[in-house]
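K.L.:
Okay, handing you the structure first.
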Amino acid sequence: MKRVRMIAQQNLLFMYTYLILKKYSNIENPLNATEIATYAKREFALPIKPDRRTIYAHLKDLQYVGENFPDECLFSIVKLNNGKVYLK
């Protein structure tokens, strides 16, 4: 049961990452992992900020989904040279 709860929390954090990018990021306002974590903590009343490594993993997964399922996904992740990203 503990493992199931942990997986559910990870899935929620993944969705939070996507929702934060959808709401706050654009070409004029790309976000880095720390900014995404800060927004997630505030928006979803999390007790602590998600770890940056977790956010990086989510970004990688979102990029994979966007690239490999273009018919099902209506977004793509754009990575800039400064490490910031936005949802397109």
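FYI, nothing fancy with the structure tokens labels: chains A, B, ... in order, residues from 1 per chain, ligands from 1 as they appear.
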List every residue of range 8-39 of chain A that has an atom at most 9 Å from any atom of range 55-59 of chain A, giving for each one its closest atom pair and the distance in Å to one decimal, counting only C-alpha atoms, sorted by chain and then by ascending residue number, as a Markdown table.
P.N.:
```
| residue | atom | partner | partner_atom | distance |
| --- | --- | --- | --- | --- |
| A:Leu13 | CA | A:His58 | CA | 8.4 |
| A:Phe14 | CA | A:His58 | CA | 5.8 |
| A:Met15 | CA | A:His58 | CA | 8.8 |
| A:Thr17 | CA | A:Ile55 | CA | 6.9 |
| A:Tyr18 | CA | A:His58 | CA | 8.2 |
| A:Ala33 | CA | A:Ile55 | CA | 5.8 |
| A:Thr34 | CA | A:Ile55 | CA | 8.3 |
| A:Ile36 | CA | A:Ile55 | CA | 7.5 |
| A:Ala37 | CA | A:Ile55 | CA | 7.2 |
```
K.L.:
Quick one: pick out all strand (DSSP E or B) residues within chain A from a backbone DSSP run and write them as number ranges by chain.
P.N.:
A: 26, 29, 31, 77-79, 85-87
K.L.:
Go ahead and save the picked residues with N, CA, C and O atoms, as a CSV table (one decimal), in the first residue's frame.
P.N.:
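out_20.csv, freshly written:
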```csv
chain,number,residue,atom,x,y,z
A,26,ASN,N,5.8,30.5,-21.3
A,26,ASN,CA,5.6,30.8,-22.7
A,26,ASN,C,7.0,31.3,-23.2
A,26,ASN,O,7.9,31.3,-22.5
A,29,ASN,N,8.4,34.0,-21.2
A,29,ASN,CA,8.6,33.6,-19.8
A,29,ASN,C,8.9,32.1,-19.6
A,29,ASN,O,8.1,31.4,-19.0
A,31,LEU,N,10.6,28.9,-17.9
A,31,LEU,CA,10.9,28.6,-16.4
A,31,LEU,C,12.0,27.6,-16.3
A,31,LEU,O,12.2,26.7,-17.1
A,77,ILE,N,7.7,20.5,-25.4
A,77,ILE,CA,8.6,21.2,-24.5
A,77,ILE,C,9.7,21.8,-25.3
A,77,ILE,O,10.4,21.1,-26.1
A,78,VAL,N,9.9,23.1,-25.1
A,78,VAL,CA,11.0,23.8,-25.8
A,78,VAL,C,12.1,24.1,-24.7
A,78,VAL,O,11.8,24.8,-23.7
A,79,LYS,N,13.3,23.6,-24.9
A,79,LYS,CA,14.4,23.8,-24.0
A,79,LYS,C,15.3,24.9,-24.6
A,79,LYS,O,15.7,24.8,-25.8
A,85,VAL,N,12.7,26.3,-19.8
A,85,VAL,CA,11.8,25.6,-20.7
A,85,VAL,C,10.5,26.3,-20.8
A,85,VAL,O,10.1,27.0,-19.9
A,86,TYR,N,9.8,26.0,-21.8
A,86,TYR,CA,8.4,26.5,-21.9
A,86,TYR,C,7.6,25.5,-22.7
A,86,TYR,O,8.1,24.7,-23.5
A,87,LEU,N,6.3,25.5,-22.5
A,87,LEU,CA,5.3,24.6,-23.2
A,87,LEU,C,4.9,25.3,-24.4
A,87,LEU,O,4.5,26.5,-24.4
```
K.L.:
Compare A:Leu80, A:Ala45, A:Val65, A:Ala40 by their minimum atom-to-atom distance to Glu28 in chain A, counting only C-alpha atoms, and give me the closest one.
P.N.:
A:Leu80
K.L.:
Would you please extract all alpha helix (DSSP H) residues from chain A, as assigned by DSSP on the backbone, and give them as a ChimeraX atom specification?
P.N.:
/A:2-24,33-43,52-68
